[in-house]
>>> print(open('query31.txt').read())   # compact mmCIF, C-alpha atoms (C1' of nucleotides)
# COMPACT_ATOMS: atom_id res chain seq x y z
CA MET A 1 2.58 5.32 19.89
CA GLY A 2 5.08 6.86 17.54
CA ARG A 3 6.76 3.47 17.82
CA GLU A 4 3.82 1.89 16.09
CA GLN A 5 3.81 4.52 13.39
CA ALA A 6 7.48 3.92 12.65
CA ALA A 7 6.94 0.17 12.54
CA ALA A 8 4.06 0.64 10.12
CA GLU A 9 6.36 2.64 7.86
CA VAL A 10 8.96 -0.12 7.85
CA PHE A 11 6.36 -2.80 7.20
CA PHE A 12 4.85 -0.72 4.43
CA ALA A 13 8.25 -0.43 2.80
CA LEU A 14 8.66 -4.21 2.95
CA GLY A 15 5.11 -4.86 1.81
CA ASP A 16 5.81 -4.75 -1.91
CA GLY A 17 7.21 -7.59 -3.98
CA THR A 18 9.62 -5.46 -5.97
CA ARG A 19 10.95 -3.69 -2.91
CA LEU A 20 11.30 -6.92 -1.02
CA SER A 21 13.38 -8.45 -3.80
CA VAL A 22 15.50 -5.31 -3.83
CA VAL A 23 16.06 -5.69 -0.11
CA THR A 24 16.98 -9.33 -0.62
CA ARG A 25 19.47 -8.50 -3.34
CA LEU A 26 21.00 -5.71 -1.31
CA GLY A 27 21.20 -8.01 1.67
CA SER A 28 23.21 -10.63 -0.16
CA GLY A 29 24.99 -8.44 -2.66
CA GLY A 30 26.37 -5.52 -0.73
CA ALA A 31 26.04 -2.08 -2.36
CA LEU A 32 24.41 -1.84 -5.78
CA SER A 33 23.30 0.95 -8.11
CA ALA A 34 19.75 1.52 -9.30
CA THR A 35 20.72 0.60 -12.84
CA THR A 36 22.31 -2.65 -11.72
CA LEU A 37 19.25 -3.48 -9.68
CA SER A 38 16.94 -2.71 -12.58
CA GLN A 39 18.72 -5.24 -14.79
CA GLY A 40 17.05 -8.55 -14.20
CA ALA A 41 14.06 -6.85 -12.64
CA LYS A 42 10.71 -6.67 -14.40
CA VAL A 43 10.43 -2.91 -14.09
CA THR A 44 12.21 0.21 -15.23
CA ARG A 45 15.15 1.84 -13.54
CA GLN A 46 12.90 4.74 -12.56
CA ALA A 47 10.58 2.38 -10.76
CA ILE A 48 13.54 0.93 -8.90
CA VAL A 49 14.67 4.42 -7.99
CA LYS A 50 11.28 5.24 -6.51
CA HIS A 51 11.33 2.02 -4.53
CA LEU A 52 14.79 2.81 -3.25
CA GLN A 53 13.56 6.21 -2.12
CA VAL A 54 10.72 4.57 -0.24
CA LEU A 55 13.14 2.16 1.39
CA GLU A 56 15.45 5.01 2.29
CA GLY A 57 12.53 6.99 3.70
CA ALA A 58 11.82 4.07 6.00
CA GLY A 59 15.46 3.99 7.02
CA LEU A 60 16.08 0.56 5.52
CA VAL A 61 18.63 1.73 2.97
CA ARG A 62 21.41 4.29 2.66
CA HIS A 63 22.86 5.79 -0.50
CA GLU A 64 26.33 7.02 -1.30
CA LYS A 65 27.64 8.75 -4.38
CA ARG A 66 30.52 6.86 -5.94
CA GLY A 67 31.85 8.77 -8.89
CA ARG A 68 29.07 9.06 -11.43
CA GLU A 69 26.97 6.34 -9.94
CA VAL A 70 24.97 6.05 -6.74
CA LEU A 71 25.30 2.94 -4.62
CA TYR A 72 22.57 1.77 -2.26
CA ALA A 73 23.32 -0.38 0.75
CA LEU A 74 21.16 -2.06 3.35
CA GLU A 75 20.69 -0.52 6.80
CA PRO A 76 19.80 -3.52 8.91
CA GLU A 77 19.02 -1.68 12.14
CA ARG A 78 15.46 -0.93 11.17
CA LEU A 79 14.98 -4.57 10.36
CA ASP A 80 15.74 -5.25 13.99
CA ASP A 81 13.16 -2.68 15.00
CA ALA A 82 10.54 -4.49 12.95
CA ARG A 83 11.55 -7.80 14.42
CA THR A 84 11.34 -6.34 17.90
CA PHE A 85 7.82 -5.19 17.20
CA LEU A 86 6.79 -8.65 16.05
CA ASP A 87 8.39 -10.09 19.16
CA GLY A 88 6.32 -7.76 21.30
CA VAL A 89 3.03 -8.76 19.69
CA SER A 90 3.88 -12.45 19.92
CA ALA A 91 4.87 -12.10 23.55
CA SER A 92 1.70 -10.33 24.64
CA TRP A 93 -0.28 -12.86 22.65
CA ASP A 94 1.40 -15.68 24.53
CA ARG A 95 0.64 -13.98 27.82
CA ALA A 96 -3.00 -13.56 26.82
CA ILE A 97 -3.22 -17.24 25.94
CA GLU A 98 -1.64 -18.14 29.23
CA ARG A 99 -4.11 -15.99 31.18
CA LEU A 100 -6.96 -17.65 29.30
CA ARG A 101 -5.64 -21.09 30.10
CA ALA A 102 -5.27 -20.20 33.76
CA MET A 103 -8.85 -18.93 33.89
CA VAL A 104 -10.14 -22.15 32.38
CA GLU A 105 -8.18 -24.38 34.71
CA GLU A 106 -8.88 -22.44 37.91
CA PRO A 107 -12.25 -20.79 37.40
CA ASP A 108 -12.72 -19.65 41.00
CA LYS A 109 -9.34 -18.06 41.50
CA PRO A 110 -9.60 -14.28 41.84
CA ARG A 111 -7.56 -12.49 39.21
CA GLY A 112 -6.16 -9.04 39.67
CA ARG A 113 -4.50 -6.51 37.39
CA MET B 1 10.34 -17.33 -4.61
CA GLY B 2 6.82 -17.97 -3.53
CA ARG B 3 8.29 -17.52 -0.08
CA GLU B 4 9.09 -13.95 -0.87
CA GLN B 5 5.63 -13.33 -2.27
CA ALA B 6 3.99 -14.65 0.89
CA ALA B 7 6.27 -12.54 3.04
CA ALA B 8 5.38 -9.47 1.02
CA GLU B 9 1.71 -10.16 1.64
CA VAL B 10 2.25 -10.37 5.39
CA PHE B 11 4.33 -7.21 5.42
CA PHE B 12 1.74 -5.44 3.33
CA ALA B 13 -0.94 -6.42 5.81
CA LEU B 14 1.16 -5.00 8.63
CA GLY B 15 2.09 -1.89 6.67
CA ASP B 16 -0.93 0.17 7.65
CA GLY B 17 -1.34 2.10 10.87
CA THR B 18 -4.94 1.08 11.47
CA ARG B 19 -4.26 -2.57 10.78
CA LEU B 20 -1.18 -2.54 12.95
CA SER B 21 -3.13 -1.15 15.89
CA VAL B 22 -5.77 -3.80 15.31
CA VAL B 23 -3.08 -6.46 15.43
CA THR B 24 -1.73 -4.94 18.62
CA ARG B 25 -5.14 -4.89 20.26
CA LEU B 26 -5.86 -8.44 19.18
CA GLY B 27 -2.49 -9.50 20.45
CA SER B 28 -3.09 -8.21 23.94
CA GLY B 29 -6.85 -8.55 24.11
CA GLY B 30 -7.65 -12.02 22.84
CA ALA B 31 -10.67 -12.30 20.52
CA LEU B 32 -12.64 -9.17 19.67
CA SER B 33 -15.47 -8.25 17.31
CA ALA B 34 -15.28 -5.69 14.53
CA THR B 35 -17.69 -3.43 16.38
CA THR B 36 -15.64 -3.57 19.55
CA LEU B 37 -12.50 -2.82 17.60
CA SER B 38 -14.13 0.10 15.83
CA GLN B 39 -14.98 1.76 19.15
CA GLY B 40 -12.02 3.87 20.09
CA ALA B 41 -10.69 3.72 16.55
CA LYS B 42 -10.76 6.73 14.25
CA VAL B 43 -12.57 4.92 11.47
CA THR B 44 -15.88 3.22 10.81
CA ARG B 45 -16.72 -0.36 11.61
CA GLN B 46 -16.81 -1.09 7.89
CA ALA B 47 -13.26 0.12 7.53
CA ILE B 48 -12.22 -2.14 10.39
CA VAL B 49 -14.01 -5.05 8.73
CA LYS B 50 -12.09 -4.49 5.51
CA HIS B 51 -8.83 -4.35 7.43
CA LEU B 52 -9.70 -7.56 9.21
CA GLN B 53 -10.35 -9.21 5.86
CA VAL B 54 -6.95 -8.10 4.64
CA LEU B 55 -5.34 -9.46 7.79
CA GLU B 56 -7.22 -12.72 7.40
CA GLY B 57 -6.19 -12.92 3.75
CA ALA B 58 -2.59 -12.72 4.88
CA GLY B 59 -3.22 -15.45 7.44
CA LEU B 60 -2.60 -13.18 10.39
CA VAL B 61 -6.11 -13.45 11.83
CA ARG B 62 -8.87 -16.02 12.14
CA HIS B 63 -12.59 -15.41 12.62
CA GLU B 64 -15.23 -17.43 14.44
CA LYS B 65 -18.96 -16.88 14.66
CA ARG B 66 -20.13 -16.59 18.24
CA GLY B 67 -23.88 -16.23 18.34
CA ARG B 68 -24.79 -13.07 16.48
CA GLU B 69 -21.34 -11.62 16.59
CA VAL B 70 -18.07 -12.51 14.89
CA LEU B 71 -14.89 -12.68 16.91
CA TYR B 72 -11.46 -12.18 15.40
CA ALA B 73 -8.34 -13.64 16.94
CA LEU B 74 -4.66 -13.40 16.15
CA GLU B 75 -2.87 -16.17 14.30
CA PRO B 76 0.72 -15.69 15.41
CA GLU B 77 2.33 -18.30 13.14
CA ARG B 78 2.57 -15.94 10.21
CA LEU B 79 4.22 -13.41 12.45
CA ASP B 80 6.93 -15.97 12.98
CA ASP B 81 7.24 -16.41 9.23
CA ALA B 82 7.79 -12.69 8.83
CA ARG B 83 10.36 -12.70 11.58
CA THR B 84 12.13 -15.63 9.98
CA PHE B 85 12.32 -13.73 6.73
CA LEU B 86 13.87 -10.72 8.46
CA ASP B 87 16.32 -13.05 10.15
CA GLY B 88 17.33 -14.41 6.78
CA VAL B 89 18.02 -10.99 5.31
CA SER B 90 19.96 -9.89 8.37
CA ALA B 91 22.02 -13.07 8.33
CA SER B 92 23.01 -12.82 4.69
CA TRP B 93 23.77 -9.16 5.23
CA ASP B 94 26.10 -10.05 8.08
CA ARG B 95 27.82 -12.64 5.91
CA ALA B 96 28.24 -10.06 3.14
CA ILE B 97 29.78 -7.62 5.59
CA GLU B 98 32.09 -10.33 6.87
CA ARG B 99 33.23 -11.21 3.36
CA LEU B 100 33.89 -7.55 2.68
CA ARG B 101 35.92 -7.21 5.86
CA ALA B 102 37.94 -10.29 5.00
CA MET B 103 38.70 -8.92 1.55
CA VAL B 104 39.93 -5.67 3.02
CA GLU B 105 42.12 -7.28 5.63
CA GLU B 106 43.64 -9.97 3.42
CA PRO B 107 43.66 -8.55 -0.09
CA ASP B 108 45.81 -11.29 -1.61
CA LYS B 109 44.02 -14.28 -0.20
CA PRO B 110 42.18 -16.23 -2.91
CA ARG B 111 38.48 -16.44 -2.22
CA GLY B 112 36.28 -19.22 -3.46
CA ARG B 113 32.56 -20.00 -3.50
C1' DG C 1 35.71 17.11 -27.78
C1' DA C 2 32.35 13.52 -28.74
C1' DA C 3 30.16 9.52 -27.51
C1' DA C 4 28.60 6.50 -23.89
C1' DC C 5 27.11 5.62 -19.32
C1' DG C 6 24.53 6.65 -15.03
C1' DT C 7 21.28 9.86 -12.84
C1' DG C 8 17.78 13.29 -11.89
C1' DC C 9 13.53 15.61 -12.83
C1' DA C 10 8.84 16.18 -14.49
C1' DA C 11 4.65 14.92 -16.61
C1' DC C 12 1.50 11.59 -17.16
C1' DC C 13 -1.50 7.28 -16.67
C1' DC C 14 -4.12 3.72 -14.28
C1' DG C 15 -5.76 0.79 -10.74
C1' DG C 16 -6.86 -0.18 -6.42
C1' DG C 17 -6.46 0.81 -1.34
C1' DG C 18 -8.78 3.20 2.45
C1' DG C 19 -12.90 5.22 3.75
C1' DT C 20 -17.85 6.32 3.92
C1' DT C 21 -23.00 5.85 3.66
C1' DG C 22 -27.29 3.33 3.29
C1' DC C 23 -29.91 -0.57 3.79
C1' DA C 24 -31.31 -5.45 4.41
C1' DC C 25 -30.66 -9.42 7.29
C1' DT C 26 -30.05 -12.36 11.46
C1' DT C 27 -29.88 -12.83 16.50
C1' DC C 28 -30.56 -11.57 21.15
C1' DT C 29 -33.54 -9.21 24.72
C1' DC C 30 -37.71 -7.71 27.15
C1' DG D 1 -43.56 -9.66 18.54
C1' DA D 2 -41.09 -5.28 18.60
C1' DG D 3 -36.96 -3.12 18.98
C1' DA D 4 -32.07 -3.11 19.66
C1' DA D 5 -27.60 -4.90 18.65
C1' DG D 6 -24.17 -6.88 15.36
C1' DT D 7 -23.19 -8.08 10.56
C1' DG D 8 -23.07 -8.33 5.59
C1' DC D 9 -23.43 -6.35 1.08
C1' DA D 10 -23.08 -2.87 -2.46
C1' DA D 11 -22.32 1.49 -4.36
C1' DC D 12 -19.63 5.26 -4.37
C1' DC D 13 -15.62 8.65 -3.71
C1' DC D 14 -10.94 10.32 -3.45
C1' DC D 15 -6.28 9.98 -3.33
C1' DC D 16 -1.92 8.07 -4.05
C1' DG D 17 1.14 4.09 -5.03
C1' DG D 18 3.43 1.76 -8.83
C1' DG D 19 4.88 2.32 -13.38
C1' DT D 20 6.16 4.52 -17.74
C1' DT D 21 8.26 7.82 -21.11
C1' DG D 22 11.10 11.70 -22.49
C1' DC D 23 14.71 14.63 -21.84
C1' DA D 24 18.40 17.38 -19.64
C1' DC D 25 22.49 17.13 -16.69
C1' DG D 26 27.11 15.34 -14.65
C1' DT D 27 30.84 11.92 -15.35
C1' DT D 28 33.88 8.67 -17.78
C1' DT D 29 36.32 7.13 -21.53
C1' DC D 30 38.93 7.14 -25.92
>>> encode(input="query31.txt", output="structure tokens")
Amino acid sequence: MGREQAAAEVFFALGDGTRLSVVTRLGSGGALSATTLSQGAKVTRQAIVKHLQVLEGAGLVRHEKRGREVLYALEPERLDDARTFLDGVSASWDRAIERLRAMVEEPDKPRGR
Amino acid sequence: MGREQAAAEVFFALGDGTRLSVVTRLGSGGALSATTLSQGAKVTRQAIVKHLQVLEGAGLVRHEKRGREVLYALEPERLDDARTFLDGVSASWDRAIERLRAMVEEPDKPRGR
DNA sequence: GAAACGTGCAACCCGGGGGTTGCACTTCTC
DNA sequence: GAGAAGTGCAACCCCCGGGTTGCACGTTTC
């Protein structure tokens, strides 16, 4: 229910090339500032800032003021949530396939709930 | 590189509430038609069709003509790809954390590549 | 204190994503 | 064959996501 909504938010946050590369860089680089992230990127600092806000809104990133600059760091828990969701879909899919296979192999067997 | 782009496409496809519920239903229900999926949904059949095309474009779904109707079924391989990507980010994040911890605990130790 | 660096805020633009409606076309059913 | 069921196609609408520019505000630095 709300679970699905939250998962959609996380997936939406990851569903953009720029944001995904930001996540990758934060994942391997620790805590970085928006300006640092914007260097080497194809977009402006402001664009990066907006992306970071989206990521933070989805709970994928946390920010911390460090003197005059603001450092953003990854929050990997929500990544686990997303992975859990994918696991769930895959699992129920496997079960559905298994049911189908059983029905084909034993057509007369009564099947309950 | 292109890996990241493909992952972004999958995440984008999953980053919408309607599409995510479609994926869930397909995951637990086997192969369904657009009309069937639209019943019980809050949107039109046409909207569902567009969503299915997006999902198919991302490789998450496959369609098959069955008489006069078209059945859509889940293609769980791409889900695994997405999960693998998340695993990668989490792993490098863990390594980054570990490096950081090591630096804090042994400040004088020389650290190489 | 003045200059440089890093941010924050606001206005603005553009394209396309999500949705709908209407209709023509095939396929099943009686 | 007539009608119902299931799709496909096209036009159309609205909103907002992604991006930019310009400038004002703290914080360092010398």
>>> interface_residues(input="query31.txt", of="chain A", to="chain C", cutoff="9 Å", atoms="only C-alpha atoms (C1' of nucleotides)", output="compact mmCIF listing (two decimals) with C-alpha atoms, keeping the file's coordinate frame")
# COMPACT_ATOMS: atom_id res chain seq x y z
CA THR A 35 20.72 0.60 -12.84
CA ARG A 68 29.07 9.06 -11.43
CA GLU A 69 26.97 6.34 -9.94
CA VAL A 70 24.97 6.05 -6.74
>>> closest_atom_pairs(input="query31.txt", of="chain A", to="chain D", cutoff="10 Å", atoms="only C-alpha atoms (C1' of nucleotides)", output="CSV")
residue,atom,partner,partner_atom,distance
A:Asp16,CA,D:DG18,C1',9.8
A:Thr18,CA,D:DG18,C1',9.9
A:Val43,CA,D:DG19,C1',7.7
A:Thr44,CA,D:DT20,C1',7.8
A:Gln46,CA,D:DG19,C1',8.4
A:Ala47,CA,D:DG19,C1',6.3
A:Ile48,CA,D:DG19,C1',9.8
A:Lys50,CA,D:DG18,C1',8.9
A:His51,CA,D:DG18,C1',9.0
A:Gly67,CA,D:DT27,C1',7.3
A:Arg68,CA,D:DT27,C1',5.2
A:Glu69,CA,D:DT27,C1',8.7
>>> interface_residues(input="query31.txt", of="chain B", to="chain A", cutoff="6 Å", atoms="all atoms listed in the file", output="list of chain:residue names")
B:Ala8, B:Phe11, B:Phe12, B:Leu14, B:Gly15, B:Asp16, B:Gly17, B:Gly27, B:Ser28, B:Arg83, B:Val89, B:Ser92, B:Trp93
>>> write_last_selection(input="query31.txt", atoms="C-alpha atoms", output="PDB file, in the frame of the given file")
ATOM      1  CA  ALA B   8       5.380  -9.470   1.020  1.00  0.00           C
ATOM      2  CA  PHE B  11       4.330  -7.210   5.420  1.00  0.00           C
ATOM      3  CA  PHE B  12       1.740  -5.440   3.330  1.00  0.00           C
ATOM      4  CA  LEU B  14       1.160  -5.000   8.630  1.00  0.00           C
ATOM      5  CA  GLY B  15       2.090  -1.890   6.670  1.00  0.00           C
ATOM      6  CA  ASP B  16      -0.930   0.170   7.650  1.00  0.00           C
ATOM      7  CA  GLY B  17      -1.340   2.100  10.870  1.00  0.00           C
ATOM      8  CA  GLY B  27      -2.490  -9.500  20.450  1.00  0.00           C
ATOM      9  CA  SER B  28      -3.090  -8.210  23.940  1.00  0.00           C
ATOM     10  CA  ARG B  83      10.360 -12.700  11.580  1.00  0.00           C
ATOM     11  CA  VAL B  89      18.020 -10.990   5.310  1.00  0.00           C
ATOM     12  CA  SER B  92      23.010 -12.820   4.690  1.00  0.00           C
ATOM     13  CA  TRP B  93      23.770  -9.160   5.230  1.00  0.00           C
TER      14      TRP B  93
END
>>> calpha_fit_and_write(input="query31.txt", fixed="chain B", moving="chain A", output="PDB file with C-alpha atoms, keeping the file's coordinate frame")
ATOM      1  CA  MET A   1      10.383 -17.440  -4.545  1.00  0.00           C
ATOM      2  CA  GLY A   2       6.829 -17.996  -3.450  1.00  0.00           C
ATOM      3  CA  ARG A   3       8.299 -17.551   0.018  1.00  0.00           C
ATOM      4  CA  GLU A   4       9.096 -13.969  -0.799  1.00  0.00           C
ATOM      5  CA  GLN A   5       5.651 -13.372  -2.208  1.00  0.00           C
ATOM      6  CA  ALA A   6       4.020 -14.678   0.956  1.00  0.00           C
ATOM      7  CA  ALA A   7       6.282 -12.538   3.117  1.00  0.00           C
ATOM      8  CA  ALA A   8       5.391  -9.485   1.053  1.00  0.00           C
ATOM      9  CA  GLU A   9       1.718 -10.204   1.679  1.00  0.00           C
ATOM     10  CA  VAL A  10       2.261 -10.381   5.428  1.00  0.00           C
ATOM     11  CA  PHE A  11       4.331  -7.206   5.450  1.00  0.00           C
ATOM     12  CA  PHE A  12       1.735  -5.451   3.338  1.00  0.00           C
ATOM     13  CA  ALA A  13      -0.940  -6.419   5.828  1.00  0.00           C
ATOM     14  CA  LEU A  14       1.155  -4.981   8.660  1.00  0.00           C
ATOM     15  CA  GLY A  15       2.089  -1.887   6.691  1.00  0.00           C
ATOM     16  CA  ASP A  16      -0.940   0.177   7.641  1.00  0.00           C
ATOM     17  CA  GLY A  17      -1.373   2.111  10.863  1.00  0.00           C
ATOM     18  CA  THR A  18      -4.967   1.087  11.444  1.00  0.00           C
ATOM     19  CA  ARG A  19      -4.279  -2.568  10.782  1.00  0.00           C
ATOM     20  CA  LEU A  20      -1.213  -2.529  12.956  1.00  0.00           C
ATOM     21  CA  SER A  21      -3.170  -1.116  15.883  1.00  0.00           C
ATOM     22  CA  VAL A  22      -5.806  -3.774  15.297  1.00  0.00           C
ATOM     23  CA  VAL A  23      -3.117  -6.428  15.440  1.00  0.00           C
ATOM     24  CA  THR A  24      -1.778  -4.900  18.639  1.00  0.00           C
ATOM     25  CA  ARG A  25      -5.194  -4.867  20.258  1.00  0.00           C
ATOM     26  CA  LEU A  26      -5.908  -8.417  19.195  1.00  0.00           C
ATOM     27  CA  GLY A  27      -2.523  -9.466  20.479  1.00  0.00           C
ATOM     28  CA  SER A  28      -3.146  -8.144  23.960  1.00  0.00           C
ATOM     29  CA  GLY A  29      -6.897  -8.494  24.115  1.00  0.00           C
ATOM     30  CA  GLY A  30      -7.699 -11.952  22.870  1.00  0.00           C
ATOM     31  CA  ALA A  31     -10.704 -12.276  20.532  1.00  0.00           C
ATOM     32  CA  LEU A  32     -12.678  -9.151  19.667  1.00  0.00           C
ATOM     33  CA  SER A  33     -15.515  -8.254  17.303  1.00  0.00           C
ATOM     34  CA  ALA A  34     -15.310  -5.698  14.515  1.00  0.00           C
ATOM     35  CA  THR A  35     -17.729  -3.426  16.333  1.00  0.00           C
ATOM     36  CA  THR A  36     -15.695  -3.563  19.524  1.00  0.00           C
ATOM     37  CA  LEU A  37     -12.549  -2.812  17.588  1.00  0.00           C
ATOM     38  CA  SER A  38     -14.181   0.100  15.801  1.00  0.00           C
ATOM     39  CA  GLN A  39     -15.040   1.768  19.107  1.00  0.00           C
ATOM     40  CA  GLY A  40     -12.078   3.871  20.055  1.00  0.00           C
ATOM     41  CA  ALA A  41     -10.744   3.720  16.525  1.00  0.00           C
ATOM     42  CA  LYS A  42     -10.809   6.731  14.226  1.00  0.00           C
ATOM     43  CA  VAL A  43     -12.611   4.917  11.437  1.00  0.00           C
ATOM     44  CA  THR A  44     -15.905   3.212  10.774  1.00  0.00           C
ATOM     45  CA  ARG A  45     -16.759  -0.367  11.563  1.00  0.00           C
ATOM     46  CA  GLN A  46     -16.816  -1.109   7.837  1.00  0.00           C
ATOM     47  CA  ALA A  47     -13.264   0.101   7.504  1.00  0.00           C
ATOM     48  CA  ILE A  48     -12.253  -2.160  10.367  1.00  0.00           C
ATOM     49  CA  VAL A  49     -14.020  -5.054   8.697  1.00  0.00           C
ATOM     50  CA  LYS A  50     -12.087  -4.511   5.484  1.00  0.00           C
ATOM     51  CA  HIS A  51      -8.844  -4.367   7.421  1.00  0.00           C
ATOM     52  CA  LEU A  52      -9.721  -7.570   9.211  1.00  0.00           C
ATOM     53  CA  GLN A  53     -10.353  -9.229   5.865  1.00  0.00           C
ATOM     54  CA  VAL A  54      -6.949  -8.115   4.657  1.00  0.00           C
ATOM     55  CA  LEU A  55      -5.347  -9.462   7.810  1.00  0.00           C
ATOM     56  CA  GLU A  56      -7.219 -12.721   7.428  1.00  0.00           C
ATOM     57  CA  GLY A  57      -6.180 -12.942   3.781  1.00  0.00           C
ATOM     58  CA  ALA A  58      -2.579 -12.723   4.921  1.00  0.00           C
ATOM     59  CA  GLY A  59      -3.220 -15.444   7.466  1.00  0.00           C
ATOM     60  CA  LEU A  60      -2.600 -13.175  10.443  1.00  0.00           C
ATOM     61  CA  VAL A  61      -6.109 -13.451  11.852  1.00  0.00           C
ATOM     62  CA  ARG A  62      -8.876 -16.023  12.175  1.00  0.00           C
ATOM     63  CA  HIS A  63     -12.584 -15.416  12.650  1.00  0.00           C
ATOM     64  CA  GLU A  64     -15.220 -17.425  14.440  1.00  0.00           C
ATOM     65  CA  LYS A  65     -18.945 -16.900  14.647  1.00  0.00           C
ATOM     66  CA  ARG A  66     -20.129 -16.598  18.226  1.00  0.00           C
ATOM     67  CA  GLY A  67     -23.870 -16.256  18.308  1.00  0.00           C
ATOM     68  CA  ARG A  68     -24.784 -13.095  16.455  1.00  0.00           C
ATOM     69  CA  GLU A  69     -21.338 -11.632  16.567  1.00  0.00           C
ATOM     70  CA  VAL A  70     -18.074 -12.521  14.871  1.00  0.00           C
ATOM     71  CA  LEU A  71     -14.902 -12.683  16.917  1.00  0.00           C
ATOM     72  CA  TYR A  72     -11.460 -12.176  15.404  1.00  0.00           C
ATOM     73  CA  ALA A  73      -8.354 -13.628  16.981  1.00  0.00           C
ATOM     74  CA  LEU A  74      -4.672 -13.369  16.192  1.00  0.00           C
ATOM     75  CA  GLU A  75      -2.865 -16.155  14.330  1.00  0.00           C
ATOM     76  CA  PRO A  76       0.715 -15.668  15.420  1.00  0.00           C
ATOM     77  CA  GLU A  77       2.313 -18.270  13.161  1.00  0.00           C
ATOM     78  CA  ARG A  78       2.579 -15.941  10.214  1.00  0.00           C
ATOM     79  CA  LEU A  79       4.248 -13.414  12.442  1.00  0.00           C
ATOM     80  CA  ASP A  80       6.965 -15.980  12.945  1.00  0.00           C
ATOM     81  CA  ASP A  81       7.246 -16.401   9.200  1.00  0.00           C
ATOM     82  CA  ALA A  82       7.816 -12.677   8.815  1.00  0.00           C
ATOM     83  CA  ARG A  83      10.365 -12.692  11.579  1.00  0.00           C
ATOM     84  CA  THR A  84      12.137 -15.609   9.954  1.00  0.00           C
ATOM     85  CA  PHE A  85      12.355 -13.673   6.728  1.00  0.00           C
ATOM     86  CA  LEU A  86      13.892 -10.688   8.483  1.00  0.00           C
ATOM     87  CA  ASP A  87      16.334 -13.024  10.181  1.00  0.00           C
ATOM     88  CA  GLY A  88      17.370 -14.385   6.809  1.00  0.00           C
ATOM     89  CA  VAL A  89      18.061 -10.957   5.330  1.00  0.00           C
ATOM     90  CA  SER A  90      19.991  -9.866   8.408  1.00  0.00           C
ATOM     91  CA  ALA A  91      22.032 -13.046   8.382  1.00  0.00           C
ATOM     92  CA  SER A  92      23.057 -12.810   4.740  1.00  0.00           C
ATOM     93  CA  TRP A  93      23.829  -9.152   5.296  1.00  0.00           C
ATOM     94  CA  ASP A  94      26.134 -10.056   8.156  1.00  0.00           C
ATOM     95  CA  ARG A  95      27.847 -12.644   5.998  1.00  0.00           C
ATOM     96  CA  ALA A  96      28.310 -10.095   3.220  1.00  0.00           C
ATOM     97  CA  ILE A  97      29.850  -7.649   5.672  1.00  0.00           C
ATOM     98  CA  GLU A  98      32.124 -10.349   6.965  1.00  0.00           C
ATOM     99  CA  ARG A  99      33.281 -11.270   3.453  1.00  0.00           C
ATOM    100  CA  LEU A 100      33.980  -7.601   2.776  1.00  0.00           C
ATOM    101  CA  ARG A 101      35.996  -7.279   5.945  1.00  0.00           C
ATOM    102  CA  ALA A 102      37.995 -10.380   5.101  1.00  0.00           C
ATOM    103  CA  MET A 103      38.769  -9.027   1.634  1.00  0.00           C
ATOM    104  CA  VAL A 104      40.011  -5.763   3.089  1.00  0.00           C
ATOM    105  CA  GLU A 105      42.197  -7.406   5.690  1.00  0.00           C
ATOM    106  CA  GLU A 106      43.685 -10.080   3.426  1.00  0.00           C
ATOM    107  CA  PRO A 107      43.698  -8.593  -0.057  1.00  0.00           C
ATOM    108  CA  ASP A 108      45.840 -11.293  -1.670  1.00  0.00           C
ATOM    109  CA  LYS A 109      43.975 -14.299  -0.370  1.00  0.00           C
ATOM    110  CA  PRO A 110      42.176 -16.153  -3.162  1.00  0.00           C
ATOM    111  CA  ARG A 111      38.456 -16.376  -2.530  1.00  0.00           C
ATOM    112  CA  GLY A 112      36.281 -19.101  -3.914  1.00  0.00           C
ATOM    113  CA  ARG A 113      32.543 -19.691  -4.106  1.00  0.00           C
TER     114      ARG A 113
END
>>> closest_residue(input="query31.txt", among="A:Tyr72, A:Ala58, A:Val104, A:Gly2", to="Leu37 of chain A", atoms="all atoms listed in the file")
A:Tyr72
>>> atom_distance(input="query31.txt", atom1="atom CA of Gln39 of chain A", atom2="atom CA of Ala102 of chain B")
28.0 Å
>>> atom_distance(input="query31.txt", atom1="atom CA of Val54 of chain A", atom2="atom CA of Arg78 of chain A")
13.5 Å
>>> atom_distance(input="query31.txt", atom1="atom CA of Glu56 of chain A", atom2="atom CA of Lys42 of chain A")
20.9 Å
>>> axis_aligned_box(input="query31.txt", around="segment 2-5 of chain D", padding_each_side="5 Å", output="JSON")
{"center_x": -34.3, "center_y": -4.2, "center_z": 19.1, "size_x": 23.5, "size_y": 12.2, "size_z": 11.1}
>>> build_atoms(input="query31.txt", residues="segment 93-98 of chain B", atoms="N, CA and C atoms", output="compact mmCIF listing (two decimals), keeping the file's coordinate frame")
# COMPACT_ATOMS: atom_id res chain seq x y z
N TRP B 93 23.11 -10.46 5.18
CA TRP B 93 23.77 -9.16 5.23
C TRP B 93 25.05 -9.25 6.08
N ASP B 94 24.93 -9.90 7.22
CA ASP B 94 26.10 -10.05 8.08
C ASP B 94 27.20 -10.82 7.36
N ARG B 95 26.82 -11.86 6.65
CA ARG B 95 27.82 -12.64 5.91
C ARG B 95 28.50 -11.77 4.86
N ALA B 96 27.68 -10.93 4.18
CA ALA B 96 28.24 -10.06 3.14
C ALA B 96 29.25 -9.10 3.75
N ILE B 97 28.88 -8.54 4.90
CA ILE B 97 29.78 -7.62 5.59
C ILE B 97 31.08 -8.33 5.95
N GLU B 98 30.92 -9.56 6.45
CA GLU B 98 32.09 -10.33 6.87
C GLU B 98 33.01 -10.60 5.68
